[in-house]
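Novice: For reference, this is structure_37.txt, and it has compact mmCIF, C-alpha atoms and all ligand atoms.
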```txt
# COMPACT_ATOMS: atom_id res chain seq x y z
CA MET H 2 101.75 160.96 148.59
CA CYS H 3 105.31 160.12 149.66
CA GLY H 4 106.88 156.86 148.52
CA MET H 5 106.74 155.16 151.93
CA LEU H 6 103.11 156.01 152.43
CA ALA H 7 102.25 154.93 148.91
CA ALA H 8 103.95 151.59 149.58
CA ALA H 9 102.05 151.16 152.87
CA VAL H 10 98.77 151.94 151.19
CA GLN H 11 99.59 149.53 148.38
CA ASP H 12 100.40 146.75 150.85
CA PHE H 13 97.14 147.43 152.60
CA LYS H 14 95.23 147.26 149.35
CA ASN H 15 96.91 144.00 148.39
CA LEU H 16 96.29 142.39 151.75
CA THR H 17 92.77 143.53 152.40
CA PHE H 18 91.21 144.18 149.03
CA LEU H 19 88.22 142.04 149.88
CA LYS H 20 87.52 144.15 152.94
CA TRP H 21 87.39 147.40 151.02
CA LYS H 22 83.67 147.31 150.61
CA ALA H 23 83.37 147.50 154.39
CA LEU H 24 85.35 150.77 154.61
CA ARG H 25 83.47 154.00 154.90
CA CYS H 26 84.06 157.48 153.57
CA PRO H 27 85.78 159.56 156.28
CA HIS H 28 83.96 162.71 155.20
CA HIS H 29 80.56 161.36 156.16
CA ALA H 30 79.97 160.75 159.85
CA SER H 31 76.88 158.80 158.91
CA GLY H 32 79.10 156.24 157.20
CA ALA H 33 77.96 156.90 153.65
CA LEU H 34 79.92 155.03 151.02
CA ALA H 35 82.76 156.85 149.32
CA LYS H 36 80.66 157.32 146.18
CA SER H 37 78.67 160.06 147.86
CA CYS H 38 81.73 161.97 149.07
CA GLU H 39 81.73 165.44 147.59
CA ILE H 40 85.46 165.96 147.78
CA GLU H 41 86.92 162.86 146.16
CA LEU H 42 86.42 159.14 146.10
CA ILE H 43 88.54 158.35 149.10
CA TRP H 44 88.89 155.37 151.39
CA ARG H 45 90.11 155.59 154.96
CA ILE H 46 92.82 153.07 155.73
CA PRO H 47 93.90 152.55 159.33
CA ILE H 48 97.52 151.43 159.62
CA ASP H 49 99.17 151.11 163.05
CA GLY H 50 96.59 153.35 164.65
CA LEU H 51 96.92 156.11 162.04
CA ASP H 52 94.37 156.92 159.36
CA TYR H 53 95.61 157.04 155.77
CA TYR H 54 93.55 157.98 152.77
CA ALA H 55 93.56 156.47 149.32
CA MET H 56 91.56 157.15 146.20
CA VAL H 57 89.74 154.38 144.43
CA GLN H 58 91.10 154.35 140.91
CA LEU H 59 90.13 152.80 137.61
CA LEU H 60 92.87 152.32 135.00
CA ILE H 61 92.02 152.15 131.30
CA VAL H 62 94.83 150.91 129.06
CA TYR H 63 94.38 150.93 125.31
CA HIS H 64 96.20 150.68 122.01
CA SER H 65 94.88 151.93 118.71
CA LYS H 66 96.38 152.24 115.24
CA THR H 67 93.43 153.57 113.25
CA GLY H 68 91.40 155.20 116.01
CA GLY H 69 88.67 152.65 116.76
CA SER H 70 89.99 151.38 120.09
CA ARG H 71 90.94 154.91 121.11
CA GLN H 72 87.38 156.13 120.61
CA MET H 73 86.07 153.14 122.56
CA ALA H 74 88.50 153.72 125.43
CA GLU H 75 87.74 157.45 125.51
CA ALA H 76 83.99 156.72 125.58
CA ALA H 77 84.41 154.31 128.49
CA CYS H 78 86.62 156.85 130.25
CA SER H 79 84.15 159.70 129.81
CA ALA H 80 81.46 157.68 131.61
CA ALA H 81 83.71 156.04 134.19
CA CYS H 82 85.16 159.32 135.41
CA GLU H 83 81.66 160.40 136.45
CA GLU H 84 81.77 157.54 138.94
CA VAL H 85 85.37 157.08 140.03
CA THR H 86 88.85 158.53 139.60
CA THR H 87 89.87 157.25 136.18
CA VAL H 88 93.29 157.15 134.52
CA LEU H 89 93.44 156.66 130.75
CA LYS H 90 96.79 155.53 129.34
CA THR H 91 98.07 154.15 126.09
CA ALA H 92 99.72 150.75 126.18
CA GLN H 93 103.03 152.44 125.44
CA GLU H 94 102.68 154.80 128.40
CA ALA H 95 101.35 152.22 130.86
CA GLY H 96 103.37 149.79 132.91
CA PRO H 97 103.17 147.57 135.98
CA GLU H 98 103.23 150.52 138.38
CA ASP H 99 99.95 151.72 136.88
CA LEU H 100 98.39 148.30 137.45
CA LEU H 101 99.58 148.24 141.05
CA GLY H 102 98.24 151.72 141.68
CA ALA H 103 94.73 151.06 140.38
CA ASP H 104 91.85 149.09 141.85
CA GLY H 105 90.24 147.90 138.63
CA TYR H 106 90.99 147.86 134.94
CA ILE H 107 89.55 148.20 131.46
CA PHE H 108 91.76 146.88 128.67
CA CYS H 109 90.98 147.89 125.09
CA ALA H 110 92.86 146.89 121.94
CA PRO H 111 92.45 145.83 118.32
CA GLU H 112 92.65 142.28 117.10
CA ASN H 113 95.51 141.92 114.63
CA LEU H 114 96.21 138.66 112.81
CA ALA H 115 93.96 136.74 115.19
CA ALA H 116 95.83 138.03 118.22
CA ILE H 117 96.07 140.98 120.60
CA ALA H 118 97.71 143.91 118.75
CA GLY H 119 101.47 143.78 119.36
CA VAL H 120 101.80 147.07 121.24
CA MET H 121 99.14 145.95 123.73
CA LYS H 122 100.83 142.57 124.01
CA ASP H 123 104.08 144.37 124.82
CA PHE H 124 102.31 146.14 127.70
CA TYR H 125 101.21 142.75 129.05
CA ASP H 126 104.67 141.28 128.51
CA ARG H 127 106.33 144.15 130.39
CA SER H 128 103.80 144.10 133.19
CA TYR H 129 102.97 140.43 133.70
CA TYR H 130 105.65 139.32 136.14
CA PRO H 131 106.06 142.61 138.04
CA ALA H 132 102.31 142.55 138.76
CA LEU H 133 101.93 138.80 139.27
CA GLY H 134 100.59 137.97 142.73
CA ARG H 135 100.05 141.66 143.57
CA ILE H 136 96.75 142.47 141.86
CA GLU H 137 94.81 139.29 142.52
CA GLY H 138 91.05 139.65 142.83
CA ARG H 139 90.84 143.08 141.25
CA PRO H 140 88.03 143.49 138.72
CA TYR H 141 88.56 144.02 135.01
CA ALA H 142 86.63 144.29 131.77
CA GLN H 143 87.89 144.30 128.21
CA MET H 144 86.93 145.79 124.88
CA VAL H 145 88.19 144.67 121.46
CA CYS H 146 88.02 146.59 118.21
CA ALA H 147 88.08 144.16 115.30
CA GLY H 148 87.42 144.01 111.59
CA SER H 149 85.16 140.99 111.61
CA ASP H 150 86.10 138.72 114.52
CA GLY H 151 87.85 139.76 117.76
CA GLU H 152 87.32 136.49 119.64
CA SER H 153 90.97 135.41 119.58
CA ALA H 154 92.21 138.69 121.05
CA ALA H 155 89.51 138.54 123.71
CA ARG H 156 90.51 134.98 124.64
CA GLN H 157 94.18 135.95 124.90
CA THR H 158 93.42 138.89 127.15
CA ALA H 159 91.15 136.73 129.30
CA ARG H 160 93.96 134.18 129.62
CA ILE H 161 96.43 136.83 130.75
CA ALA H 162 93.89 138.22 133.21
CA GLN H 163 93.27 134.72 134.50
CA GLY H 164 97.01 134.39 135.12
CA TRP H 165 96.86 137.56 137.19
CA ARG H 166 93.78 136.15 138.97
CA LEU H 167 91.74 139.18 137.99
CA LYS H 168 88.00 139.01 138.26
CA ASP H 169 86.14 139.50 134.97
CA VAL H 170 83.03 141.49 135.65
CA GLN H 171 81.39 141.17 132.25
CA PRO H 172 81.88 139.40 128.91
CA PRO H 173 84.27 141.09 126.44
CA LEU H 174 82.74 143.93 124.45
CA ILE H 175 83.77 143.28 120.83
CA ILE H 176 83.05 145.95 118.25
CA CYS H 177 83.56 145.10 114.59
CA THR H 178 84.23 147.84 112.06
CA HIS H 179 83.50 145.48 109.12
CA ALA H 180 86.53 146.78 107.29
CA GLN H 181 87.39 144.17 104.64
CA THR H 182 89.78 145.52 102.03
CA PRO H 183 93.34 146.65 102.82
CA ASP H 184 92.31 150.27 102.18
CA GLU H 185 89.35 150.00 104.55
CA ILE H 186 91.43 148.27 107.20
CA LEU H 187 94.16 150.90 107.08
CA ALA H 188 91.72 153.84 107.05
CA GLU H 189 90.94 155.91 110.15
CA LYS H 190 87.88 154.47 111.91
CA THR H 191 84.73 156.17 113.19
CA ILE H 192 82.89 154.06 115.75
CA PRO H 193 79.14 154.68 115.46
CA GLU H 194 77.38 156.43 118.32
CA GLU H 195 75.29 153.41 119.33
CA GLN H 196 78.45 151.36 119.77
CA LEU H 197 80.19 154.11 121.70
CA ALA H 198 77.15 154.06 123.98
CA LEU H 199 77.95 150.41 124.79
CA CYS H 200 81.50 151.47 125.72
CA ARG H 201 80.11 154.24 127.93
CA ASP H 202 77.81 151.70 129.61
CA LEU H 203 80.79 149.46 130.30
CA GLY H 204 82.82 152.36 131.71
CA ALA H 205 79.94 153.57 133.86
CA ALA H 206 79.26 150.08 135.23
CA MET H 207 82.92 149.51 136.01
CA GLY H 208 83.29 152.91 137.65
CA ALA H 209 80.10 152.63 139.68
CA GLY H 210 80.91 149.10 140.79
CA LEU H 211 84.37 150.12 141.93
CA SER H 212 83.17 153.20 143.74
CA ILE H 213 80.69 151.25 145.89
CA GLY H 214 82.96 148.22 146.33
CA ALA H 215 80.52 145.97 144.49
CA PHE H 216 83.03 143.60 142.93
C1 LIG H 301 97.68 143.91 110.37
C2 LIG H 301 96.23 143.83 110.71
C3 LIG H 301 95.69 142.62 111.05
C4 LIG H 301 94.34 142.51 111.37
N1 LIG H 301 93.84 141.31 111.76
C5 LIG H 301 92.55 141.20 112.14
C6 LIG H 301 92.03 139.96 112.60
O1 LIG H 301 92.72 138.96 112.73
N2 LIG H 301 90.73 139.90 112.95
C7 LIG H 301 89.89 140.99 112.87
O2 LIG H 301 88.71 140.89 113.20
N3 LIG H 301 90.37 142.20 112.45
C8 LIG H 301 91.67 142.33 112.10
N4 LIG H 301 92.17 143.54 111.67
C9 LIG H 301 91.27 144.70 111.64
C10 LIG H 301 91.42 145.59 112.88
O3 LIG H 301 91.19 144.88 114.04
C11 LIG H 301 90.45 146.77 112.77
O4 LIG H 301 90.83 147.53 111.66
C12 LIG H 301 90.38 147.64 114.01
O5 LIG H 301 89.57 148.75 113.73
C13 LIG H 301 91.71 148.18 114.44
O6 LIG H 301 91.56 148.91 115.65
P1 LIG H 301 92.08 150.42 115.76
O7 LIG H 301 91.21 151.24 114.85
O8 LIG H 301 91.92 150.77 117.19
O9 LIG H 301 93.52 150.45 115.33
C14 LIG H 301 93.52 143.67 111.36
C15 LIG H 301 94.10 144.91 111.01
C16 LIG H 301 95.42 145.00 110.69
C17 LIG H 301 96.00 146.34 110.36
```
Could I get this structure in the form of structure tokens?
Ligand SMILES: Cc1cc2nc3c(=O)[nH]c(=O)nc-3n(C[C@H](O)[C@H](O)[C@H](O)COP(=O)(O)O)c2cc1C
Specialist:
Amino acid sequence: MCGMLAAAVQDFKNLTFLKWKALRCPHHASGALAKSCEIELIWRIPIDGLDYYAMVQLLIVYHSKTGGSRQMAEAACSAACEEVTTVLKTAQEAGPEDLLGADGYIFCAPENLAAIAGVMKDFYDRSYYPALGRIEGRPYAQMVCAGSDGESAARQTARIAQGWRLKDVQPPLIICTHAQTPDEILAEKTIPEEQLALCRDLGAAMGAGLSIGAF
């Protein structure tokens, strides 16, 4: 998509996000929702009498030092991408342009020292003002990987999302590894299958909700 068209589509999304659920897939004369489109999850956007097309996109941003959050984000991604176009990025890779280009978000990070892990916080710091006022109303969910708590990181993320006027679609999913000693905390993590299933459920729900315009 050329830059001008991308900007027009973005403006349209920002202005009319709430109307998205009324748009219909252009590949189905019967007016089926985009979810059932065989080609891609695409929305038709009329601008000045011309039809433009845009994909519905879920962005997952994560940070992980010892693998727990990465496994959670990858699990959510594996389920979400069955439902909707899904982009998975690390907090270091991601920036405000990724937020602007997506229609909903999953944020996933460890709790460190009763706070959001610093690398994830840096993503928020870099992105907060460039995205402020431009992503209002978009849905988000969050996952936290913690040793034994996770509530403080979840509250911080919720506060940032509230500043952006995002819509939280479910309570934070906090997974505790129960690592206690320094050696356990610094060791590579393996998130058990039943907990990864919760992450997949979250990703699937987020993806399905986005694809049918449910939020
Ligand atoms: C420096 C440091 C500080 C931590 N502080 C907390 C904390 O405040 N609360 C908590 O529940 N876990 C804490 N942990 C544990 C991590 O959240 C846990 O190990 C988690 O698995 C890390 O996620 P990751 O595997 O994606 O890196 C801390 C870990 C480190 C390395």
Novice: Could you work out an axis-aligned box for ligand LIG 301 (chain H), taking every atom the file lists and adding 8 Å on each side, and report centre and edge lengths in Å to one decimal, as JSON?
Specialist:
```
{"center_x": 93.2, "center_y": 145.1, "center_z": 113.8, "size_x": 25.0, "size_y": 28.3, "size_z": 22.8}
```
Novice: Could I get the residues of chain H with an atom no further than 9 Å from an atom of ligand LIG 301 (chain H), each paired with its nearest atom pair and that distance in Å to one decimal, using all atoms listed in the file, sorted by chain and residue number, as CSV?
Specialist:
```
residue,atom,partner,partner_atom,distance
H:Tyr63,CA,H:LIG301,O8,8.5
H:His64,CA,H:LIG301,O8,6.4
H:Ser65,CA,H:LIG301,O8,3.5
H:Lys66,CA,H:LIG301,O9,3.4
H:Thr67,CA,H:LIG301,O7,3.6
H:Gly68,CA,H:LIG301,O7,4.1
H:Gly69,CA,H:LIG301,O7,3.5
H:Ser70,CA,H:LIG301,O8,3.5
H:Arg71,CA,H:LIG301,O8,5.8
H:Gln72,CA,H:LIG301,O8,7.8
H:Met73,CA,H:LIG301,O8,8.3
H:Cys109,CA,H:LIG301,O8,8.5
H:Ala110,CA,H:LIG301,O8,6.2
H:Pro111,CA,H:LIG301,O6,4.2
H:Glu112,CA,H:LIG301,O3,4.3
H:Asn113,CA,H:LIG301,N1,3.4
H:Leu114,CA,H:LIG301,O1,3.5
H:Ala115,CA,H:LIG301,O1,3.5
H:Ala116,CA,H:LIG301,O1,6.4
H:Ile117,CA,H:LIG301,O1,8.8
H:Ala118,CA,H:LIG301,C3,8.1
H:Val145,CA,H:LIG301,O6,7.9
H:Cys146,CA,H:LIG301,C12,4.9
H:Ala147,CA,H:LIG301,O3,3.4
H:Gly148,CA,H:LIG301,N3,3.6
H:Ser149,CA,H:LIG301,O2,3.9
H:Asp150,CA,H:LIG301,O2,3.6
H:Gly151,CA,H:LIG301,O2,4.8
H:Glu152,CA,H:LIG301,O2,7.9
H:Ser153,CA,H:LIG301,O1,7.9
H:Ala154,CA,H:LIG301,N2,8.3
H:Ile176,CA,H:LIG301,O5,8.4
H:Cys177,CA,H:LIG301,O2,6.8
H:Thr178,CA,H:LIG301,O5,5.7
H:His179,CA,H:LIG301,C11,8.0
H:Ala180,CA,H:LIG301,O4,6.2
H:Gln181,CA,H:LIG301,C9,8.0
H:Pro183,CA,H:LIG301,C17,8.0
H:Glu185,CA,H:LIG301,O4,7.7
H:Ile186,CA,H:LIG301,O4,4.6
H:Leu187,CA,H:LIG301,C17,5.9
H:Ala188,CA,H:LIG301,O4,7.9
H:Glu189,CA,H:LIG301,O7,6.6
H:Lys190,CA,H:LIG301,O7,5.5
H:Thr191,CA,H:LIG301,O7,8.3
H:Ile192,CA,H:LIG301,O5,8.8
```
Novice: Kindly indicate which residue among H:Gly138, H:Met144, H:Phe108, H:Gln163 lies nearest to Leu197 in chain H, using only C-alpha atoms for the distances.
Specialist: H:Met144
Novice: Place a sphere of radius 12 Å on (104.0, 139.2, 139.8) in the file coordinates and name every protein, DNA or RNA residue with an atom inside or on its surface, counting all atoms listed in the file; give the answer as a PDB file with C-alpha atoms, in the frame of the given file.
Specialist:
```
ATOM      1  CA  PRO H  97     103.170 147.570 135.980  1.00  0.00           C
ATOM      2  CA  GLU H  98     103.230 150.520 138.380  1.00  0.00           C
ATOM      3  CA  LEU H 100      98.390 148.300 137.450  1.00  0.00           C
ATOM      4  CA  LEU H 101      99.580 148.240 141.050  1.00  0.00           C
ATOM      5  CA  TYR H 125     101.210 142.750 129.050  1.00  0.00           C
ATOM      6  CA  ASP H 126     104.670 141.280 128.510  1.00  0.00           C
ATOM      7  CA  ARG H 127     106.330 144.150 130.390  1.00  0.00           C
ATOM      8  CA  SER H 128     103.800 144.100 133.190  1.00  0.00           C
ATOM      9  CA  TYR H 129     102.970 140.430 133.700  1.00  0.00           C
ATOM     10  CA  TYR H 130     105.650 139.320 136.140  1.00  0.00           C
ATOM     11  CA  PRO H 131     106.060 142.610 138.040  1.00  0.00           C
ATOM     12  CA  ALA H 132     102.310 142.550 138.760  1.00  0.00           C
ATOM     13  CA  LEU H 133     101.930 138.800 139.270  1.00  0.00           C
ATOM     14  CA  GLY H 134     100.590 137.970 142.730  1.00  0.00           C
ATOM     15  CA  ARG H 135     100.050 141.660 143.570  1.00  0.00           C
ATOM     16  CA  ILE H 136      96.750 142.470 141.860  1.00  0.00           C
ATOM     17  CA  GLU H 137      94.810 139.290 142.520  1.00  0.00           C
ATOM     18  CA  GLY H 164      97.010 134.390 135.120  1.00  0.00           C
ATOM     19  CA  TRP H 165      96.860 137.560 137.190  1.00  0.00           C
ATOM     20  CA  ARG H 166      93.780 136.150 138.970  1.00  0.00           C
TER      21      ARG H 166
END
```
Novice: Env of Leu203 in chain H: 10 Å cut, atoms = only C-alpha atoms, seq-sep filter 2 positions within chain, self excluded. Answer as a compact mmCIF listing (two decimals) with C-alpha atoms, keeping the file's coordinate frame.
Specialist:
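What follows is the written file part.txt:
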```
# COMPACT_ATOMS: atom_id res chain seq x y z
CA ALA H 76 83.99 156.72 125.58
CA ALA H 77 84.41 154.31 128.49
CA CYS H 78 86.62 156.85 130.25
CA ALA H 80 81.46 157.68 131.61
CA ALA H 81 83.71 156.04 134.19
CA ILE H 107 89.55 148.20 131.46
CA ALA H 142 86.63 144.29 131.77
CA GLN H 143 87.89 144.30 128.21
CA MET H 144 86.93 145.79 124.88
CA VAL H 170 83.03 141.49 135.65
CA GLN H 171 81.39 141.17 132.25
CA PRO H 173 84.27 141.09 126.44
CA LEU H 174 82.74 143.93 124.45
CA LEU H 197 80.19 154.11 121.70
CA ALA H 198 77.15 154.06 123.98
CA LEU H 199 77.95 150.41 124.79
CA CYS H 200 81.50 151.47 125.72
CA ARG H 201 80.11 154.24 127.93
CA ALA H 205 79.94 153.57 133.86
CA ALA H 206 79.26 150.08 135.23
CA MET H 207 82.92 149.51 136.01
CA GLY H 208 83.29 152.91 137.65
CA ALA H 209 80.10 152.63 139.68
```
Novice: Considering only C-alpha atoms, can you say which of H:Gly50, H:Met121, H:Phe216, H:Glu195 comes closest to Lys168 in chain H?
Specialist: H:Phe216
Novice: CA of Asp202 in chain H and CA of Ile175 in chain H, how far apart in Å?
Specialist: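 About the pair CA of Ile175 in chain H and CA of Asp202 in chain H: they are 13.5 Å apart.
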Novice: Work out how far apart CA of Phe124 in chain H and CA of Gln196 in chain H are and give it in Å to one decimal.
Specialist: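 It comes out at 25.7 Å.
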Novice: Using Å and a single decimal, report how far CA of Ala74 in chain H sits from CA of Val88 in chain H.
Specialist: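 That distance, rounded to one decimal, is 10.8 Å.
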Novice: For Asp104 in chain H, list every protein, DNA or RNA residue within 9 Å, evaluated using only C-alpha atoms, and leave out those in the same chain fewer than 4 positions away; present the list as a list in words.
Specialist: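 With the cut-off at 9 Å, the set is Lys14, Phe18, Val57, Gln58, Leu59, Leu60, Leu100, Ile136, Arg139, Pro140 and Leu211 of chain H.
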Novice: For a quick check of understanding, using only C-alpha atoms, which of H:Gly105, H:Gly214, H:Pro172, H:Gly204 has the smallest distance to Ala159 in chain H?
Specialist: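 For Ala159 in chain H, the nearest of the candidates is H:Pro172.
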